[in-house]
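**Student:** I'd like to ask you about the structure that follows.
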There are 2 protein chains.
Amino acid sequence: MTLRDVSEASGVSEMTVSRVLRNRGDVSETTREKVLAAAKQLGYVPNKIAGALASSRVNLVAVIVPSLRNMVFPEVMSGISEVLDDTPLQPVLGFTDYRPEKEEDVLYEMLSWRPSGVILAGLEHSAASRAMLKASGIPVVEIMDTDGEAIDAVVGISHRRAGRETARAIVRQGYESIGFIGTKMPLDHRARKRFEGFTEALAKDGREIVDQEFYEGGSGLLKGRELTQKILQRSPDLDFIYYSNDMIGAGGLLWCLENGVGVPQRLGLAGFNGMELLDGLPARLATMDAGRREIGRAAARIVAERASGALTETGQRLELAPNLQYGDTLRRPKV
Amino acid sequence: MTLRDVSEASGVSEMTVSRVLRNRGDVSETTREKVLAAAKQLGYVPNKIAGALASSRVNLVAVIVPSLRNMVFPEVMSGISEVLDDTPLQPVLGFTDYRPEKEEDVLYEMLSWRPSGVILAGLEHSAASRAMLKASGIPVVEIMDTDGEAIDAVVGISHRRAGRETARAIVRQGYESIGFIGTKMPLDHRARKRFEGFTEALAKDGREIVDQEFYEGGSGLLKGRELTQKILQRSPDLDFIYYSNDMIGAGGLLWCLENGVGVPQRLGLAGFNGMELLDGLPARLATMDAGRREIGRAAARIVAERASGALTETGQRLELAPNLQYGDTLRRPKV
DNA sequence: GTGAAAGCGCTAACAT
DNA sequence: ATGTTAGCGCTTTCAC
């Protein structure tokens with residue numbers, strides 16, 4: 001089923017059929033109707049492959065994220081979709097599993113479709129990935145993180161700053177013996193940067209982390225419970241725990257509530273992400289909203305404007321301010 | 001940057017360059033190395049658009065789901081990715097927002113890229129969508145649900161049966177005054193079918209739902225709390241609440257625990273989905289595992305085998321058995 | 001083992 | 001307002 005078939009069925013040249021189907025150029029109402037009728041009757045679905053080859057226009061935007069298991073990325077995606085829905089552009093998703101080699105493969109695969117733009121998570125990429133992206137001439141928006149050098153445009157928050165601000169707030173509340181629970185971070189650069197900003201801010205205050213606990217694999221409430229129990233057993237004097245994300249933080253919170261650990265007086269807690277999930281828990285965990293949806297929206301807007309030619313500059317830089325929410329677990333009542 | 005550039009740079013014909021880059025046919029080791037070196041040096045990325053047009057082979061699989069906000073779909077995706085990672089196929093994701101018209105648009109867009117297969121959620125589609133899919137000649141796998149007529153292959157669970165089995169288990173535990181809390185279901189067919197199966201099984205037992213509460217929009221713990229409070233205020237005699245998903249069920253559970261409602265003695269609870277989240281809560285909500293990841297895997301396997309030609313039959317049908325987990329909220333201790 | 005020619009299904013550019 | 005021609009960058013097919 002090709003344009004030609006529609007052309008023959010409607011007695012109109014292929015070119016005019018093409019014009020009708022794309023709403024391009026002047027076509028008489030009569031011809032238009034004839035063509036549309038024929039196309040519908042035949043169940044014609046255009047071949048974008050041929051169209052893209054002929055026009056060198058591809059209305060696809062490559063979106064490359066580590067995984068969808070981490071609820072952060074579905075939310076970013078939803079921001080991206082929201083904006084692209086009002087444009088001819090369509091997101092195409094690829095996953096890296098947090099592995100640079102896989103990112104490279106996925107990127108290569110994606111670029112071979114000549115998308116109109118690339119949105120990818122993080123600033124850390126293999127040399128080959130960076131080279132490919134630069135050579136592609138396509139608008140590239142790196143998202144989530146602003147601590148580092150961008151290839152082209154970048155939209156995100158500073159995770160170092162997020163860590164620092166959390167640390168300062170904790171110290172300001174008078175907490176003194178601070179522990180940390182988080183993922184092993186060889187490849188989770190954003191978690192690593194938060195940790196670094198956190199320890200750095202503590203150091204400025206002449207403090208350091210008293211105890212820490214790292215884990216591998218996904219984050220779940222259960223793991224938060226276990227590790228919280230473990231770290232408190234080993235270091236019963238801790239009066240604060242900073243978690244690298246809300247999920248394990250929420251697990252820790254539940255454990256504390258059940259085991260009579262007075263939160264936030266005896267022990268303060270904070271997570272990271274501003275996950276919606278936290279809203280219905282017995283107490284609100286302190287967290288920091290990373291503005292994921294807004295990041296998705298902003299990145300999509302940049303790509304859309306660059307792709308449409310409305311925006312010709314490159315290298316846009318948008319750093320959102322992380323928003324600390326004290327919830328019920330960080331504000332220590334004065335004794 | 002085209003094949004021709006690589007051809008010129010390496011002094012080898014375009015055809016041979018193409019063979020090297022695709023590992024097709026016999027090429028001498030010398031030529032091979034020359035070509036690879038040139039390609040790498042130039043940073044050549046093949047143009048799949050041209051390749052696909054010439055070969056009429058597209059290693060893309062269209063995956064169409066309502067949204068990623070519902071954690072069910074990221075999990076299905078992860079099953080799909082897992083299987084496709086071992087094949088040349090790549091998933092391309094599209095969202096319908098639970099709207100048939102949007103599904104139609106997305107489908108049209110996707111089919112215009114001539115993918116090697118289509119995986120889409122649910123059995124309910126517009127007539128136009130069904131027509132497109134049938135006319136495409138592409139392997140189609142409908143997932144999640146098996147209650148209805150499939151276009152081609154189908155992998156999922158029977159949501160009617162899921163509802164029925166939950167109802168039977170509830171009755172068997174001696175609960176008598178049963179309420180329901182769930183989404184308004186004009187378009188969530190699977191939730192609707194569970195509800196229908198549920199009421200149907202109760203009816204067989206001479207019972208009906210005593211009170212119900214429907215909500216719109218996303219599911220969150222908070223909503224589960226509110227609606228649980230509301231329904232119990234209105235119908236304090238309820239001794240069981242069936243929720244249309246785990247998220248609101250978990251919210252209800254938390255509310256009950258905090259408000260001294262004895263679970264599961266005074267009030268039993270059950271959700272649906274088998275969400276991992278439930279694992280770390282203070283008590284385990286009864287739920288039914290829908291095997292999302294396995295559904296994704298099985299669907300991807302069918303597409304991969306059909307695309308590779310290893311499987312020529314159409315219309316595969318795989319109904320998984322939903323697995324009821326009693327947790328701590330459905331098994332009533334004998335008094 | 002390598003190359004030349006033709007063509008995939010469309011659209012840009014230029015007629016008319 | 002409509003048609004004609006050429007060609008997008010590859011792969012298929014056939015020749016050597």
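Every chain in the structure tokens has a letter given in the order shown (A, B, ...), and although residue numbers restart at 1 in each chain, ligands are simply numbered from 1 in the order shown.
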Applying 10 Å and only C-alpha atoms (C1' of nucleotides), which residues near D:DT4 remain after dropping the ones on its own chain fewer than 6 positions away? List them as a list in words.
**Tutor:**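 Here the qualifying residues turn out to be Ser13 and Met15 of chain A; DC14, DA15 and DT16 of chain C.
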**Student:** Give me a file of those residues, with C-alpha atoms (C1' of nucleotides), as a PDB file, in the first residue's frame.
**Tutor:**
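Saved the output as selection-v4.pdb:
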ATOM      1  CA  SER A  13      -0.860  12.516  -9.239  1.00  0.00           C
ATOM      2  CA  MET A  15       2.624  14.569  -5.796  1.00  0.00           C
TER       3      MET A  15
ATOM      4  C1'  DC C  14      10.939  23.136 -10.719  1.00  0.00           C
ATOM      5  C1'  DA C  15       7.734  23.085 -14.411  1.00  0.00           C
ATOM      6  C1'  DT C  16       3.122  24.137 -16.406  1.00  0.00           C
TER       7       DT C  16
END
**Student:** Hey, what's within 10 Å of C:DG9 if we count only C-alpha atoms (C1' of nucleotides) and toss same-chain stuff fewer than 3 positions away? As a list in words, please?
**Tutor:**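 Neighbouring residues, sequence-local ones excluded: Thr2, Leu3, Arg4, Pro46, Asn47, Lys48, Ile49, Ala50, Gly51, Leu53 and Ala54 of chain A; Leu53 and Ala54 of chain B.
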**Student:** Please identify all residues of chain A having at least one atom at most 12 Å from any atom of chain D, considering only C-alpha atoms (C1' of nucleotides), and return them as a PDB file with C-alpha atoms, in the first residue's frame.
**Tutor:**
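Okay, this is what ended up in iface-v4.pdb:
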ATOM      1  CA  GLY A  11      -6.889   9.594 -10.322  1.00  0.00           C
ATOM      2  CA  VAL A  12      -4.633  12.291  -8.891  1.00  0.00           C
ATOM      3  CA  SER A  13      -0.860  12.516  -9.239  1.00  0.00           C
ATOM      4  CA  GLU A  14       1.314  11.120  -6.481  1.00  0.00           C
ATOM      5  CA  MET A  15       2.624  14.569  -5.796  1.00  0.00           C
ATOM      6  CA  THR A  16      -0.810  15.998  -5.177  1.00  0.00           C
ATOM      7  CA  VAL A  17      -1.748  13.065  -3.021  1.00  0.00           C
ATOM      8  CA  SER A  18       1.360  13.740  -0.988  1.00  0.00           C
ATOM      9  CA  ARG A  19       0.353  17.386  -0.669  1.00  0.00           C
ATOM     10  CA  VAL A  20      -3.110  16.510   0.535  1.00  0.00           C
ATOM     11  CA  GLY A  25       0.447  23.783  -0.638  1.00  0.00           C
ATOM     12  CA  ASP A  26      -2.778  24.680  -2.386  1.00  0.00           C
ATOM     13  CA  VAL A  27      -5.056  21.852  -3.323  1.00  0.00           C
ATOM     14  CA  SER A  28      -8.623  22.319  -4.486  1.00  0.00           C
ATOM     15  CA  GLU A  29     -11.306  21.140  -2.164  1.00  0.00           C
ATOM     16  CA  THR A  30     -12.539  18.668  -4.765  1.00  0.00           C
ATOM     17  CA  THR A  31      -9.202  16.941  -5.240  1.00  0.00           C
ATOM     18  CA  ARG A  32      -8.610  16.995  -1.554  1.00  0.00           C
ATOM     19  CA  ILE A  49      10.726   5.960   6.357  1.00  0.00           C
ATOM     20  CA  ALA A  50      10.488   6.987   2.758  1.00  0.00           C
ATOM     21  CA  GLY A  51       9.193  10.401   3.750  1.00  0.00           C
ATOM     22  CA  ALA A  52      12.029  10.999   6.155  1.00  0.00           C
ATOM     23  CA  LEU A  53      14.602   9.893   3.619  1.00  0.00           C
ATOM     24  CA  ALA A  54      13.225  12.175   0.970  1.00  0.00           C
ATOM     25  CA  SER A  55      12.778  15.212   3.184  1.00  0.00           C
ATOM     26  CA  SER A  56      15.582  14.582   5.669  1.00  0.00           C
ATOM     27  CA  ARG A  57      13.136  15.482   8.391  1.00  0.00           C
ATOM     28  CA  SER A 112      21.177   6.165  13.195  1.00  0.00           C
TER      29      SER A 112
END
**Student:** Can you list, as an MDAnalysis selection string, all residues belonging to stretch 102-293 of chain B that DSSP tags as strand (DSSP E or B)?
**Tutor:** chainID B and resid 117:121 140:145 153:157 178:183 211:215 240:243 268:270 273 286:289
**Student:** With only C-alpha atoms considered, list every residue of chain A at most 9 Å from chain B, as JSON, numbers by chain.
**Tutor:** {"A": [43, 44, 45, 46, 47, 48, 49, 50, 52, 53, 67, 68, 69, 71, 74, 75, 77, 78, 81, 90, 91, 92, 93, 94, 95, 108, 109, 111, 112, 113, 114, 131, 132, 135, 136, 220, 221, 222, 223, 224, 225, 251, 254, 255, 258, 276, 277, 278, 279, 280, 281, 282]}
**Student:** I'd like a table as a Markdown table: residues in chain C with an atom no more than 12 Å from chain B, each row giving the shortest atom pair and its distance in Å to one decimal, only C-alpha atoms (C1' of nucleotides) counted, sorted by chain and rising residue number.
**Tutor:**
| residue | atom | partner | partner_atom | distance |
| --- | --- | --- | --- | --- |
| C:DG1 | C1' | B:Val27 | CA | 5.9 |
| C:DT2 | C1' | B:Thr16 | CA | 6.9 |
| C:DG3 | C1' | B:Ser13 | CA | 6.7 |
| C:DA4 | C1' | B:Met15 | CA | 9.4 |
| C:DA5 | C1' | B:Met15 | CA | 11.6 |
| C:DA6 | C1' | B:Ala54 | CA | 11.2 |
| C:DG7 | C1' | B:Ala54 | CA | 8.0 |
| C:DC8 | C1' | B:Ala54 | CA | 4.5 |
| C:DG9 | C1' | B:Leu53 | CA | 7.7 |
| C:DC10 | C1' | B:Leu53 | CA | 9.9 |
**Student:** Take the residues from that selection and put them in a file with N, CA, C and O atoms (P, O5', C5', C4', C3', O3' and C1' of nucleotides), as a PDB file, in the first residue's frame.
**Tutor:**
ATOM      1  P    DG C   1      35.899 -15.165   0.076  1.00  0.00           P
ATOM      2  O5'  DG C   1      36.220 -13.629  -0.134  1.00  0.00           O
ATOM      3  C5'  DG C   1      37.531 -13.224  -0.279  1.00  0.00           C
ATOM      4  C4'  DG C   1      37.455 -12.115  -1.271  1.00  0.00           C
ATOM      5  C3'  DG C   1      36.796 -10.852  -0.707  1.00  0.00           C
ATOM      6  O3'  DG C   1      37.605  -9.754  -1.105  1.00  0.00           O
ATOM      7  C1'  DG C   1      35.693 -11.533  -2.711  1.00  0.00           C
ATOM      8  P    DT C   2      37.316  -8.290  -0.747  1.00  0.00           P
ATOM      9  O5'  DT C   2      36.491  -7.755  -1.974  1.00  0.00           O
ATOM     10  C5'  DT C   2      37.201  -7.410  -3.163  1.00  0.00           C
ATOM     11  C4'  DT C   2      36.220  -6.997  -4.207  1.00  0.00           C
ATOM     12  C3'  DT C   2      35.457  -5.711  -3.924  1.00  0.00           C
ATOM     13  O3'  DT C   2      36.063  -4.685  -4.703  1.00  0.00           O
ATOM     14  C1'  DT C   2      34.118  -7.370  -5.008  1.00  0.00           C
ATOM     15  P    DG C   3      35.485  -3.196  -4.697  1.00  0.00           P
ATOM     16  O5'  DG C   3      34.437  -3.261  -5.902  1.00  0.00           O
ATOM     17  C5'  DG C   3      34.907  -3.545  -7.206  1.00  0.00           C
ATOM     18  C4'  DG C   3      33.746  -3.518  -8.167  1.00  0.00           C
ATOM     19  C3'  DG C   3      32.914  -2.226  -8.111  1.00  0.00           C
ATOM     20  O3'  DG C   3      32.726  -1.779  -9.449  1.00  0.00           O
ATOM     21  C1'  DG C   3      31.495  -4.098  -7.890  1.00  0.00           C
ATOM     22  P    DA C   4      32.258  -0.328  -9.779  1.00  0.00           P
ATOM     23  O5'  DA C   4      31.160  -0.568 -10.908  1.00  0.00           O
ATOM     24  C5'  DA C   4      30.869  -1.872 -11.418  1.00  0.00           C
ATOM     25  C4'  DA C   4      29.546  -1.821 -12.173  1.00  0.00           C
ATOM     26  C3'  DA C   4      28.908  -0.443 -12.302  1.00  0.00           C
ATOM     27  O3'  DA C   4      28.134  -0.451 -13.489  1.00  0.00           O
ATOM     28  C1'  DA C   4      27.591  -1.799 -10.856  1.00  0.00           C
ATOM     29  P    DA C   5      27.214   0.755 -13.938  1.00  0.00           P
ATOM     30  O5'  DA C   5      25.779   0.186 -13.523  1.00  0.00           O
ATOM     31  C5'  DA C   5      25.389  -1.110 -13.975  1.00  0.00           C
ATOM     32  C4'  DA C   5      23.934  -1.374 -13.614  1.00  0.00           C
ATOM     33  C3'  DA C   5      23.010  -0.168 -13.780  1.00  0.00           C
ATOM     34  O3'  DA C   5      21.795  -0.640 -14.340  1.00  0.00           O
ATOM     35  C1'  DA C   5      22.943  -0.901 -11.537  1.00  0.00           C
ATOM     36  P    DA C   6      20.567   0.338 -14.625  1.00  0.00           P
ATOM     37  O5'  DA C   6      19.536  -0.100 -13.490  1.00  0.00           O
ATOM     38  C5'  DA C   6      19.309  -1.500 -13.256  1.00  0.00           C
ATOM     39  C4'  DA C   6      18.351  -1.644 -12.079  1.00  0.00           C
ATOM     40  C3'  DA C   6      17.224  -0.600 -12.084  1.00  0.00           C
ATOM     41  O3'  DA C   6      16.053  -1.267 -11.685  1.00  0.00           O
ATOM     42  C1'  DA C   6      18.410  -0.470 -10.055  1.00  0.00           C
ATOM     43  P    DG C   7      14.649  -0.541 -11.779  1.00  0.00           P
ATOM     44  O5'  DG C   7      14.282  -0.385 -10.244  1.00  0.00           O
ATOM     45  C5'  DG C   7      14.374  -1.509  -9.389  1.00  0.00           C
ATOM     46  C4'  DG C   7      14.189  -1.021  -7.964  1.00  0.00           C
ATOM     47  C3'  DG C   7      13.121   0.076  -7.845  1.00  0.00           C
ATOM     48  O3'  DG C   7      12.407  -0.158  -6.646  1.00  0.00           O
ATOM     49  C1'  DG C   7      15.107   0.813  -6.902  1.00  0.00           C
ATOM     50  P    DC C   8      10.863   0.109  -6.570  1.00  0.00           P
ATOM     51  O5'  DC C   8      10.580   0.016  -5.006  1.00  0.00           O
ATOM     52  C5'  DC C   8      11.010  -1.078  -4.208  1.00  0.00           C
ATOM     53  C4'  DC C   8      11.382  -0.562  -2.829  1.00  0.00           C
ATOM     54  C3'  DC C   8      10.482   0.575  -2.363  1.00  0.00           C
ATOM     55  O3'  DC C   8       9.445   0.009  -1.550  1.00  0.00           O
ATOM     56  C1'  DC C   8      12.826   1.046  -1.946  1.00  0.00           C
ATOM     57  P    DG C   9       7.905   0.199  -2.006  1.00  0.00           P
ATOM     58  O5'  DG C   9       7.587   1.668  -1.484  1.00  0.00           O
ATOM     59  C5'  DG C   9       7.712   1.980  -0.121  1.00  0.00           C
ATOM     60  C4'  DG C   9       7.687   3.477   0.018  1.00  0.00           C
ATOM     61  C3'  DG C   9       6.485   4.151  -0.633  1.00  0.00           C
ATOM     62  O3'  DG C   9       5.941   5.022   0.344  1.00  0.00           O
ATOM     63  C1'  DG C   9       8.471   5.197  -1.317  1.00  0.00           C
ATOM     64  P    DC C  10       4.648   5.886   0.183  1.00  0.00           P
ATOM     65  O5'  DC C  10       5.274   7.173   0.626  1.00  0.00           O
ATOM     66  C5'  DC C  10       5.428   8.297   0.923  1.00  0.00           C
ATOM     67  C4'  DC C  10       6.789   8.926   0.795  1.00  0.00           C
ATOM     68  C3'  DC C  10       6.653  10.370   0.396  1.00  0.00           C
ATOM     69  O3'  DC C  10       6.484  11.126   1.586  1.00  0.00           O
ATOM     70  C1'  DC C  10       8.495   9.299  -0.714  1.00  0.00           C
TER      71       DC C  10
END
**Student:** Run DSSP on the backbone and grab whatever in stretch 15-241 of chain A lands in alpha helix (DSSP H); send it over as a ChimeraX atom specification.
**Tutor:** /A:15-22,29-42,48-55,72-84,100-111,127-136,159-172,189-204,221-234
**Student:** For a test of reading the model, state the distance in Å between atom CA of B:Val83 and atom CA of B:His125, rounded to one decimal.
**Tutor:**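 Interatomic distance here is 25.9 Å.
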